[in-house]
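data07.txt (compact mmCIF, C-alpha atoms (C1' of nucleotides))
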# COMPACT_ATOMS: atom_id res chain seq x y z
CA MET A 1 -89.65 -23.28 54.02
CA ASN A 2 -92.90 -25.13 54.37
CA ARG A 3 -91.16 -28.30 55.27
CA ARG A 4 -93.82 -29.53 57.58
CA PRO A 5 -96.62 -27.05 57.90
CA SER A 6 -97.46 -26.61 61.50
CA GLY A 7 -100.33 -24.88 63.19
CA SER A 8 -103.99 -25.17 62.52
CA GLN A 9 -105.07 -27.04 59.40
CA THR A 10 -108.36 -27.13 57.63
CA GLY A 11 -110.45 -30.27 57.57
CA ASP A 12 -108.62 -32.06 54.80
CA SER A 13 -105.06 -31.52 55.83
CA LEU A 14 -102.58 -29.84 53.53
CA LEU A 15 -99.85 -32.23 54.50
CA PHE A 16 -99.81 -33.54 50.96
CA LEU A 17 -98.40 -30.19 49.84
CA THR A 18 -95.22 -30.22 51.92
CA ASP A 19 -91.95 -29.77 50.10
CA GLU A 20 -91.07 -33.35 50.92
CA GLN A 21 -94.28 -34.64 49.38
CA LEU A 22 -93.66 -32.55 46.30
CA ARG A 23 -90.13 -33.83 46.02
CA GLN A 24 -91.38 -37.37 46.20
CA GLY A 25 -93.81 -36.56 43.45
CA ILE A 26 -90.97 -35.20 41.36
CA GLU A 27 -88.88 -38.30 41.89
CA ALA A 28 -91.83 -40.55 41.21
CA MET A 29 -92.28 -38.82 37.85
CA PHE A 30 -88.61 -39.26 37.06
CA PHE A 31 -88.46 -42.95 37.87
CA ALA A 32 -91.84 -43.79 36.41
CA TYR A 33 -91.06 -42.09 33.12
CA ARG A 34 -88.05 -44.32 32.78
CA GLY A 35 -90.25 -47.37 33.15
CA PHE A 36 -92.78 -45.83 30.82
CA THR A 37 -90.32 -45.63 27.94
CA ALA A 38 -88.21 -48.68 28.75
CA ASP A 39 -90.13 -51.31 26.82
CA PRO A 40 -90.54 -49.46 23.52
CA ASP A 41 -86.94 -48.28 23.79
CA ARG A 42 -85.75 -51.86 23.86
CA ILE A 43 -87.71 -52.70 20.74
CA LEU A 44 -86.58 -49.57 18.92
CA ALA A 45 -82.93 -50.16 19.69
CA ASP A 46 -82.93 -53.25 17.49
CA LEU A 47 -84.39 -51.29 14.61
CA ALA A 48 -81.98 -48.33 14.62
CA TYR A 49 -84.87 -46.11 15.61
CA GLY A 50 -85.26 -43.95 18.68
CA ARG A 51 -87.88 -42.44 20.88
CA ALA A 52 -88.53 -39.67 18.40
CA HIS A 53 -89.55 -42.22 15.80
CA HIS A 54 -91.90 -43.82 18.27
CA ARG A 55 -93.57 -40.52 19.06
CA ALA A 56 -94.03 -39.68 15.41
CA ILE A 57 -95.49 -43.11 14.68
CA HIS A 58 -97.77 -42.90 17.68
CA PHE A 59 -99.34 -39.60 16.78
CA ILE A 60 -99.57 -40.29 13.06
CA ASN A 61 -101.44 -43.45 13.93
CA ARG A 62 -103.60 -41.49 16.31
CA ALA A 63 -104.56 -38.86 13.74
CA PRO A 64 -104.11 -40.33 10.24
CA GLY A 65 -103.86 -37.77 7.47
CA THR A 66 -102.50 -35.14 9.82
CA THR A 67 -100.19 -32.49 8.42
CA VAL A 68 -96.57 -31.98 9.33
CA ASN A 69 -97.40 -28.72 11.01
CA ASN A 70 -100.03 -30.27 13.19
CA LEU A 71 -97.63 -32.98 14.23
CA LEU A 72 -95.07 -30.29 14.96
CA ASN A 73 -97.39 -28.61 17.41
CA ILE A 74 -98.19 -31.83 19.18
CA LEU A 75 -94.60 -32.98 19.48
CA GLY A 76 -93.20 -29.59 20.35
CA VAL A 77 -90.01 -29.86 18.34
CA THR A 78 -88.66 -27.94 15.38
CA LYS A 79 -89.72 -28.91 11.92
CA GLN A 80 -86.13 -29.74 11.05
CA SER A 81 -85.95 -32.22 13.88
CA LEU A 82 -89.20 -33.86 12.94
CA ASN A 83 -88.26 -33.87 9.30
CA ARG A 84 -85.18 -35.98 9.86
CA VAL A 85 -87.29 -38.57 11.63
CA LEU A 86 -90.02 -38.51 9.02
CA ARG A 87 -87.52 -38.83 6.21
CA THR A 88 -86.20 -42.12 7.54
CA LEU A 89 -89.67 -43.43 8.29
CA ILE A 90 -90.82 -42.60 4.78
CA ALA A 91 -87.66 -44.04 3.23
CA ASP A 92 -88.19 -47.23 5.21
CA GLY A 93 -91.76 -47.47 4.02
CA LEU A 94 -93.44 -47.03 7.40
CA VAL A 95 -95.01 -43.67 6.71
CA GLU A 96 -96.67 -42.33 3.61
CA SER A 97 -96.57 -38.63 2.78
CA LYS A 98 -99.09 -37.25 0.35
CA VAL A 99 -99.25 -33.73 -1.00
CA GLY A 100 -102.42 -31.99 0.08
CA ARG A 101 -105.26 -31.80 -2.39
CA HIS A 102 -106.54 -28.37 -1.48
CA ASP A 103 -103.26 -26.90 -0.36
CA LYS A 104 -100.27 -28.40 -2.10
CA ARG A 105 -97.92 -26.96 0.51
CA GLU A 106 -99.19 -29.40 3.07
CA ARG A 107 -98.15 -33.02 3.41
CA HIS A 108 -100.62 -35.47 4.86
CA LEU A 109 -99.10 -38.31 6.80
CA LYS A 110 -100.35 -41.87 7.17
CA LEU A 111 -98.89 -45.11 8.36
CA THR A 112 -98.37 -47.84 5.80
CA GLN A 113 -99.22 -51.43 6.63
CA ALA A 114 -95.67 -51.97 7.88
CA GLY A 115 -95.95 -48.78 9.91
CA ARG A 116 -99.16 -49.95 11.53
CA GLU A 117 -97.52 -53.21 12.42
CA LEU A 118 -94.61 -51.51 14.15
CA GLU A 119 -97.00 -49.16 15.91
CA GLN A 120 -98.91 -52.14 17.17
CA THR A 121 -95.78 -53.82 18.46
CA LEU A 122 -94.60 -50.71 20.24
CA SER A 123 -97.90 -49.74 21.75
CA ASP A 124 -98.62 -53.30 22.82
CA ALA A 125 -95.44 -53.23 24.87
CA GLN A 126 -96.17 -49.83 26.35
CA ARG A 127 -99.80 -50.61 27.03
CA ALA A 128 -98.91 -53.87 28.74
CA ARG A 129 -96.97 -51.99 31.39
CA MET A 130 -99.60 -49.30 31.69
CA ARG A 131 -102.30 -51.92 31.99
CA ALA A 132 -100.44 -53.74 34.75
CA ALA A 133 -99.90 -50.49 36.62
CA PHE A 134 -103.53 -49.45 36.20
CA ARG A 135 -104.80 -52.82 37.30
CA ASP A 136 -102.55 -52.90 40.36
CA ALA A 137 -103.53 -49.39 41.33
CA GLY A 138 -107.27 -49.62 40.75
CA PRO A 139 -109.78 -47.27 39.12
CA GLU A 140 -109.77 -44.55 41.76
CA ALA A 141 -106.00 -44.27 41.68
CA VAL A 142 -106.08 -44.14 37.89
CA ALA A 143 -108.57 -41.31 37.98
CA GLY A 144 -106.31 -39.41 40.37
CA PHE A 145 -103.30 -40.15 38.23
CA ARG A 146 -104.94 -38.62 35.20
CA THR A 147 -106.22 -35.64 37.12
CA VAL A 148 -102.77 -34.75 38.42
CA LEU A 149 -101.06 -35.28 35.07
CA GLU A 150 -103.57 -33.08 33.36
CA ALA A 151 -103.01 -30.36 35.93
CA MET A 152 -99.28 -30.61 35.35
CA MET A 153 -99.41 -29.94 31.62
CA ASP A 154 -98.82 -26.59 29.98
CA SER A 155 -102.08 -25.20 28.73
CA GLU A 156 -101.18 -25.76 25.06
CA MET A 157 -100.27 -29.35 25.83
CA ARG A 158 -103.50 -29.80 27.67
CA ALA A 159 -105.30 -28.50 24.61
CA SER A 160 -103.56 -31.03 22.36
CA TYR A 161 -104.26 -33.74 24.88
CA THR A 162 -107.97 -33.10 25.24
CA ARG A 163 -108.35 -32.62 21.51
CA LEU A 164 -106.89 -36.04 20.88
CA LYS A 165 -108.82 -37.53 23.74
CA ASP A 166 -112.14 -36.20 22.58
CA SER A 167 -111.51 -37.04 18.93
CA VAL A 168 -112.01 -40.70 19.68
CA THR A 169 -114.61 -40.64 22.37
CA MET B 1 -108.74 -56.18 20.50
CA ASN B 2 -110.26 -55.12 23.75
CA ARG B 3 -111.25 -51.79 22.37
CA ARG B 4 -114.44 -51.53 24.31
CA PRO B 5 -115.01 -54.58 26.40
CA SER B 6 -118.57 -55.69 26.06
CA GLY B 7 -120.56 -58.23 27.92
CA SER B 8 -120.86 -58.79 31.62
CA GLN B 9 -118.63 -56.83 33.94
CA THR B 10 -117.74 -57.37 37.53
CA GLY B 11 -118.90 -55.01 40.24
CA ASP B 12 -116.20 -52.39 39.83
CA SER B 13 -116.15 -52.13 36.07
CA LEU B 14 -112.96 -52.77 34.14
CA LEU B 15 -113.74 -50.00 31.71
CA PHE B 16 -110.68 -48.14 32.93
CA LEU B 17 -108.51 -50.84 31.36
CA THR B 18 -109.69 -50.43 27.78
CA ASP B 19 -107.05 -49.82 25.15
CA GLU B 20 -108.41 -46.34 24.69
CA GLN B 21 -108.06 -45.55 28.38
CA LEU B 22 -104.53 -46.89 28.35
CA ARG B 23 -103.66 -44.82 25.34
CA GLN B 24 -104.96 -41.73 27.06
CA GLY B 25 -102.80 -42.60 30.03
CA ILE B 26 -99.80 -42.91 27.74
CA GLU B 27 -100.47 -39.57 26.13
CA ALA B 28 -101.08 -37.94 29.50
CA MET B 29 -97.66 -39.15 30.63
CA PHE B 30 -96.07 -37.77 27.50
CA PHE B 31 -97.61 -34.32 27.72
CA ALA B 32 -97.27 -34.04 31.48
CA TYR B 33 -93.60 -34.95 31.43
CA ARG B 34 -93.01 -32.08 29.07
CA GLY B 35 -94.59 -29.71 31.53
CA PHE B 36 -92.72 -31.35 34.33
CA THR B 37 -89.33 -30.52 32.82
CA ALA B 38 -90.24 -27.27 31.11
CA ASP B 39 -89.50 -24.83 33.94
CA PRO B 40 -86.08 -26.16 34.98
CA ASP B 41 -85.14 -26.52 31.31
CA ARG B 42 -85.73 -22.84 30.78
CA ILE B 43 -83.48 -21.92 33.69
CA LEU B 44 -80.78 -24.36 32.65
CA ALA B 45 -80.70 -23.15 29.08
CA ASP B 46 -79.33 -19.79 30.24
CA LEU B 47 -76.55 -21.49 32.16
CA ALA B 48 -75.24 -23.79 29.42
CA TYR B 49 -76.42 -26.72 31.48
CA GLY B 50 -78.90 -29.39 30.51
CA ARG B 51 -81.29 -31.82 32.07
CA ALA B 52 -78.48 -34.20 32.90
CA HIS B 53 -76.90 -31.57 35.14
CA HIS B 54 -80.22 -30.99 36.85
CA ARG B 55 -80.64 -34.66 37.61
CA ALA B 56 -77.14 -34.94 39.04
CA ILE B 57 -77.64 -31.86 41.20
CA HIS B 58 -81.01 -33.07 42.38
CA PHE B 59 -79.84 -36.44 43.59
CA ILE B 60 -76.58 -35.19 45.06
CA ASN B 61 -78.63 -32.74 47.06
CA ARG B 62 -81.01 -35.47 48.02
CA ALA B 63 -78.30 -37.80 49.26
CA PRO B 64 -75.26 -35.69 50.19
CA GLY B 65 -72.02 -37.63 50.40
CA THR B 66 -73.25 -40.23 47.95
CA THR B 67 -70.70 -42.04 45.85
CA VAL B 68 -70.35 -41.88 42.11
CA ASN B 69 -71.40 -45.47 41.80
CA ASN B 70 -74.55 -44.95 43.80
CA LEU B 71 -75.45 -41.97 41.65
CA LEU B 72 -74.82 -44.07 38.58
CA ASN B 73 -77.34 -46.63 39.73
CA ILE B 74 -79.96 -44.03 40.50
CA LEU B 75 -79.56 -42.16 37.25
CA GLY B 76 -79.25 -45.24 35.09
CA VAL B 77 -76.60 -43.87 32.77
CA THR B 78 -73.04 -44.90 32.00
CA LYS B 79 -70.17 -43.58 34.04
CA GLN B 80 -68.77 -41.84 30.99
CA SER B 81 -72.00 -39.95 30.58
CA LEU B 82 -72.22 -39.02 34.23
CA ASN B 83 -68.56 -38.16 34.37
CA ARG B 84 -68.87 -35.57 31.65
CA VAL B 85 -71.58 -33.85 33.64
CA LEU B 86 -69.82 -34.11 36.99
CA ARG B 87 -66.59 -32.76 35.56
CA THR B 88 -68.24 -29.54 34.49
CA LEU B 89 -70.16 -29.21 37.74
CA ILE B 90 -66.99 -29.67 39.79
CA ALA B 91 -65.02 -27.32 37.55
CA ASP B 92 -67.73 -24.71 37.96
CA GLY B 93 -67.65 -25.07 41.71
CA LEU B 94 -71.16 -26.43 42.17
CA VAL B 95 -70.19 -29.90 43.31
CA GLU B 96 -67.44 -31.02 45.63
CA SER B 97 -65.80 -34.43 45.30
CA LYS B 98 -63.98 -35.84 48.29
CA VAL B 99 -61.99 -39.05 48.53
CA GLY B 100 -63.62 -41.55 50.85
CA ARG B 101 -62.23 -41.93 54.35
CA HIS B 102 -62.82 -45.63 54.78
CA ASP B 103 -62.47 -46.58 51.17
CA LYS B 104 -60.18 -44.22 49.34
CA ARG B 105 -61.33 -45.47 45.95
CA GLU B 106 -64.69 -43.87 46.45
CA ARG B 107 -65.54 -40.25 45.79
CA HIS B 108 -68.20 -38.68 47.93
CA LEU B 109 -70.19 -35.95 46.26
CA LYS B 110 -71.69 -32.89 47.87
CA LEU B 111 -73.13 -29.64 46.66
CA THR B 112 -71.19 -26.48 47.42
CA GLN B 113 -72.99 -23.36 48.57
CA ALA B 114 -73.33 -22.26 44.94
CA GLY B 115 -74.58 -25.71 44.05
CA ARG B 116 -77.22 -25.60 46.74
CA GLU B 117 -78.36 -22.24 45.48
CA LEU B 118 -78.81 -23.50 41.95
CA GLU B 119 -80.56 -26.59 43.25
CA GLN B 120 -82.92 -24.38 45.18
CA THR B 121 -83.68 -22.27 42.12
CA LEU B 122 -84.35 -25.30 39.97
CA SER B 123 -86.42 -27.22 42.46
CA ASP B 124 -88.41 -24.13 43.41
CA ALA B 125 -89.49 -23.86 39.81
CA GLN B 126 -90.30 -27.52 39.50
CA ARG B 127 -92.03 -27.70 42.84
CA ALA B 128 -94.16 -24.68 42.06
CA ARG B 129 -95.70 -26.50 39.14
CA MET B 130 -96.06 -29.71 41.09
CA ARG B 131 -97.64 -27.84 43.98
CA ALA B 132 -100.16 -26.17 41.72
CA ALA B 133 -101.03 -29.47 40.11
CA PHE B 134 -101.35 -31.22 43.48
CA ARG B 135 -103.48 -28.46 44.93
CA ASP B 136 -105.79 -28.40 41.92
CA ALA B 137 -106.14 -32.15 41.97
CA GLY B 138 -106.60 -32.66 45.69
CA PRO B 139 -105.19 -35.20 48.13
CA GLU B 140 -107.05 -38.28 46.90
CA ALA B 141 -105.97 -37.66 43.31
CA VAL B 142 -102.39 -37.16 44.49
CA ALA B 143 -102.46 -40.46 46.33
CA GLY B 144 -103.70 -42.17 43.17
CA PHE B 145 -101.10 -40.41 41.08
CA ARG B 146 -98.32 -41.76 43.27
CA THR B 147 -99.79 -45.23 43.40
CA VAL B 148 -99.92 -45.51 39.64
CA LEU B 149 -96.46 -44.06 39.10
CA GLU B 150 -94.99 -46.43 41.60
CA ALA B 151 -96.66 -49.37 39.87
CA MET B 152 -95.23 -48.19 36.57
CA MET B 153 -91.58 -48.25 37.67
CA ASP B 154 -89.16 -51.05 37.05
CA SER B 155 -88.49 -52.90 40.25
CA GLU B 156 -84.94 -51.55 40.59
CA MET B 157 -86.24 -48.03 40.11
CA ARG B 158 -88.89 -48.63 42.69
CA ALA B 159 -86.17 -49.77 45.06
CA SER B 160 -84.20 -46.56 44.50
CA TYR B 161 -87.34 -44.54 44.87
CA THR B 162 -88.49 -46.03 48.14
CA ARG B 163 -84.96 -45.96 49.53
CA LEU B 164 -84.78 -42.23 48.92
CA LYS B 165 -88.30 -41.72 50.12
CA ASP B 166 -87.76 -43.54 53.40
CA SER B 167 -84.38 -41.99 54.00
CA VAL B 168 -86.01 -38.70 54.85
CA THR B 169 -89.21 -39.77 56.49
C1' DC C 1 -101.38 -9.98 -13.08
C1' DT C 2 -97.62 -9.53 -10.56
C1' DT C 3 -95.32 -9.24 -6.40
C1' DG C 4 -94.56 -9.87 -1.59
C1' DG C 5 -95.47 -12.12 2.55
C1' DA C 6 -97.00 -16.17 5.01
C1' DG C 7 -97.01 -21.13 5.29
C1' DT C 8 -94.62 -25.28 4.53
C1' DG C 9 -90.97 -28.41 3.81
C1' DT C 10 -85.85 -29.53 2.97
C1' DC C 11 -80.75 -29.40 3.43
C1' DA C 12 -76.59 -28.52 6.22
C1' DA C 13 -74.08 -27.76 10.30
C1' DC C 14 -73.72 -27.94 15.11
C1' DA C 15 -74.54 -29.08 20.28
C1' DA C 16 -76.15 -32.01 24.08
C1' DC C 17 -76.16 -36.30 25.87
C1' DA C 18 -76.62 -40.87 25.59
C1' DC C 19 -73.86 -45.22 24.12
C1' DT C 20 -69.67 -48.76 23.52
C1' DG C 21 -64.95 -50.08 23.94
C1' DA C 22 -60.42 -49.70 25.68
C1' DC C 23 -57.39 -48.44 29.07
C1' DA C 24 -55.17 -46.36 33.54
C1' DT C 25 -54.89 -45.82 38.40
C1' DA C 26 -55.47 -46.73 43.06
C1' DA C 27 -57.29 -49.23 46.76
C1' DA C 28 -59.24 -53.20 48.71
C1' DC C 29 -59.86 -58.06 49.03
C1' DT C 30 -58.32 -63.01 48.88
C1' DA D 1 -49.05 -61.55 44.48
C1' DG D 2 -53.02 -61.53 41.91
C1' DT D 3 -57.83 -60.22 41.37
C1' DT D 4 -61.60 -57.40 41.90
C1' DT D 5 -63.72 -52.93 42.64
C1' DA D 6 -64.30 -47.88 42.09
C1' DT D 7 -63.27 -44.24 39.47
C1' DG D 8 -61.70 -41.47 35.64
C1' DT D 9 -60.35 -40.68 30.81
C1' DC D 10 -59.90 -40.93 25.65
C1' DA D 11 -61.90 -41.91 21.33
C1' DG D 12 -65.66 -42.91 18.44
C1' DT D 13 -70.66 -43.22 17.31
C1' DG D 14 -75.82 -42.41 17.22
C1' DT D 15 -80.13 -40.02 18.28
C1' DT D 16 -82.35 -35.88 18.80
C1' DG D 17 -82.56 -31.42 19.60
C1' DT D 18 -81.09 -26.64 17.84
C1' DT D 19 -80.21 -22.43 14.01
C1' DG D 20 -79.54 -20.73 9.59
C1' DA D 21 -80.42 -20.71 4.79
C1' DC D 22 -83.27 -21.73 1.04
C1' DA D 23 -87.04 -23.45 -2.20
C1' DC D 24 -91.78 -24.09 -3.28
C1' DT D 25 -96.76 -23.00 -2.84
C1' DC D 26 -100.58 -20.17 -1.84
C1' DC D 27 -103.10 -15.98 -1.24
C1' DA D 28 -104.05 -11.30 -1.20
C1' DA D 29 -102.87 -6.37 -1.97
C1' DG D 30 -101.33 -3.26 -5.13
What is this structure when it is put down as structure tokens?
Amino acid sequence: MNRRPSGSQTGDSLLFLTDEQLRQGIEAMFFAYRGFTADPDRILADLAYGRAHHRAIHFINRAPGTTVNNLLNILGVTKQSLNRVLRTLIADGLVESKVGRHDKRERHLKLTQAGRELEQTLSDAQRARMRAAFRDAGPEAVAGFRTVLEAMMDSEMRASYTRLKDSVT
Amino acid sequence: MNRRPSGSQTGDSLLFLTDEQLRQGIEAMFFAYRGFTADPDRILADLAYGRAHHRAIHFINRAPGTTVNNLLNILGVTKQSLNRVLRTLIADGLVESKVGRHDKRERHLKLTQAGRELEQTLSDAQRARMRAAFRDAGPEAVAGFRTVLEAMMDSEMRASYTRLKDSVT
DNA sequence: CTTGGAGTGTCAACAACACTGACATAAACT
DNA sequence: AGTTTATGTCAGTGTTGTTGACACTCCAAG
């Protein structure tokens, strides 16, 4: 079962593709993702919000004026699920929803001042950890990190990702 | 706010630590984790199991004979939460729970034959994606990927991770 | 112009899975 | 004997996902 590929190898060995290496990669993803969300989760817990709120806030901040449907595609949840989150955020004055000018079916979403402040708090915490990890690992490792993650995405996710990425660059 | 650090840089530029780079790293983690869990999730949905069952099965397989308490520490959930999952897995004949020989308070957990088969199915799916991503990215990128993920973990998680990693090597 | 379908958003009900708190049992330790 | 440890259970709650049903808006075909 490909546990430890024996026999002749090409120049750059394929040892990094053994089942054991892959399993370590899987476990690394699992444990790292926990760290990745830990800091914002702690902040959100005090505010009666959850990870879903964080995600919504993050992407609304990232693409102000976006429509609900666009957000739906990025987040990959049902509109009902997103709607519950948005409703509380709007009620709490963190998000502003404006009926579209051209198409009144659409709602365009923006963060209010309070929303931007929470976004800043959350992303400061998350970035601090990411920054520490990046700095410890160094630029080459970071490049590899991003390459592998990108290769791991579904193609639609990769499309959303690169669209966001390129929208700022 | 460190958006695009200007001025003099050291030899190996710190451009990879800009807020924008960090944000892209954050979004890459988000989108990649979705892909990471997508394949097992599809399989589990047909079986009335969820991600929590997958995690339990994975780590029981990884460390056969482990105790409930050990699993609790690895998974980072409450015993009530884990217990609900274990109860169904034991009832369905996928996991076997045996009273400890030395310490009869402990329960040692193992996968049954059926459990191993499901584990195989799930991890085949997950490994296939990981393998494709690793192969596309190449060995250096994979090394960087693991370096960054490891740096992103909480220290207790990193301890669990390396303990598992070294237990097989 | 009206009507029907597509797009969009909302309400309600339910399931999965996490949490806390309280408590029970058995075994081990002091 | 009394305390601590390991495990399991019951009850209640919260977040976040799901489906189903429905209302409103827009656009285009009849």
Using 10 Å as the limit and counting all atoms listed in the file, can you tabulate each residue of chain C that touches stretch 69-73 of chain A, with its shortest atom-to-atom distance in Å and the two atoms involved, as JSON lines?
{"residue": "C:DG7", "atom": "C1'", "partner": "A:Asn69", "partner_atom": "CA", "distance": 9.5}
{"residue": "C:DT8", "atom": "C1'", "partner": "A:Asn69", "partner_atom": "CA", "distance": 7.8}
{"residue": "C:DG9", "atom": "C1'", "partner": "A:Asn69", "partner_atom": "CA", "distance": 9.7}
Report the closest atom pair, with its distance in Å rounded to one decimal, for each residue of chain B that has an atom no farther than 12 Å from chain D; count all atoms listed in the file, sort by chain and then rising residue number, and write it as CSV.
residue,atom,partner,partner_atom,distance
B:Ala45,CA,D:DT18,C1',11.8
B:Gly50,CA,D:DG17,C1',11.7
B:Thr67,CA,D:DA6,C1',9.4
B:Val68,CA,D:DT7,C1',7.9
B:Asn69,CA,D:DA6,C1',7.5
B:Asn70,CA,D:DA6,C1',10.8
B:Leu72,CA,D:DT7,C1',11.6
B:Lys79,CA,D:DT7,C1',8.8
B:Gln80,CA,D:DG8,C1',8.5
B:Ser81,CA,D:DG8,C1',11.6
B:Leu82,CA,D:DG8,C1',10.9
B:Asn83,CA,D:DG8,C1',7.7
B:Arg84,CA,D:DT9,C1',10.0
B:Leu86,CA,D:DG8,C1',11.0
B:Arg87,CA,D:DG8,C1',10.0
B:Ser97,CA,D:DT7,C1',11.7
B:Val99,CA,D:DT7,C1',10.5
B:Gly100,CA,D:DA6,C1',10.8
B:Asp103,CA,D:DA6,C1',9.4
B:Lys104,CA,D:DA6,C1',9.1
B:Arg105,CA,D:DA6,C1',5.4
B:Glu106,CA,D:DA6,C1',5.9
B:Arg107,CA,D:DT7,C1',7.8
B:His108,CA,D:DT7,C1',11.3
Report the closest atom pair, with its distance in Å rounded to one decimal, for each residue of chain B that has an atom no farther than 7 Å from chain A; count all atoms listed in the file, sort by chain and then rising residue number, and write it as a tab-separated table.
residue	atom	partner	partner_atom	distance
B:Phe16	CA	A:Pro139	CA	6.3
B:Leu17	CA	A:Arg131	CA	6.3
B:Leu22	CA	A:Arg127	CA	6.2
B:Gln24	CA	A:Lys165	CA	6.6
B:Gly25	CA	A:Arg146	CA	6.9
B:Ala28	CA	A:Leu149	CA	6.2
B:Met29	CA	A:Leu149	CA	6.8
B:Phe31	CA	A:Met157	CA	5.9
B:Ala32	CA	A:Met153	CA	4.6
B:Gly35	CA	A:Met153	CA	4.8
B:Phe36	CA	A:Met152	CA	6.7
B:Arg127	CA	A:Leu22	CA	6.2
B:Arg129	CA	A:Met152	CA	6.6
B:Met130	CA	A:Leu22	CA	6.4
B:Arg131	CA	A:Leu17	CA	6.4
B:Ala133	CA	A:Ala151	CA	4.7
B:Phe134	CA	A:Val148	CA	6.3
B:Asp136	CA	A:Ala151	CA	6.9
B:Ala137	CA	A:Val148	CA	5.5
B:Pro139	CA	A:Phe16	CA	6.3
B:Glu140	CA	A:Gly144	CA	6.7
B:Ala141	CA	A:Gly144	CA	3.4
B:Val142	CA	A:Gly144	CA	6.1
B:Ala143	CA	A:Ala141	CA	7.0
B:Gly144	CA	A:Ala141	CA	3.5
B:Phe145	CA	A:Phe145	CA	3.6
B:Arg146	CA	A:Gly25	CA	6.9
B:Thr147	CA	A:Ala137	CA	6.0
B:Val148	CA	A:Ala137	CA	5.6
B:Leu149	CA	A:Ala32	CA	5.4
B:Glu150	CA	A:Ala32	CA	6.6
B:Ala151	CA	A:Ala133	CA	4.7
B:Met152	CA	A:Ala133	CA	5.2
B:Met153	CA	A:Ala32	CA	4.6
B:Asp154	CA	A:Gly35	CA	5.5
B:Met157	CA	A:Phe31	CA	6.0
B:Lys165	CA	A:Gln24	CA	6.6
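Between atom CA of B:Ile43 and atom C1' of C:DA12 lies a distance of 29.1 Å.
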Which residues, written as a VMD selection string, have at least one atom at most 8 Å from B:His54, with only C-alpha atoms (C1' of nucleotides) counted and residues fewer than 3 positions away on the same chain left out?
chain B and resid 40 44 49 to 51 57 to 58 119 122
As AutoDock Vina command-line options, what would the box around stretch 30-34 of chain A look like: edges along x, y and z, 5 Å added on every side, centre and edge lengths in Å to one decimal?
--center_x -89.9 --center_y -41.8 --center_z 35.3 --size_x 13.8 --size_y 15.1 --size_z 15.1
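Straight-line separation from atom CA of B:Lys98 to atom CA of B:Leu118: 20.3 Å.
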Smallest atom-to-atom distance to chain C: which of B:Gly65, B:Asp46, B:Ile90, B:His102, using only C-alpha atoms (C1' of nucleotides)?
B:His102
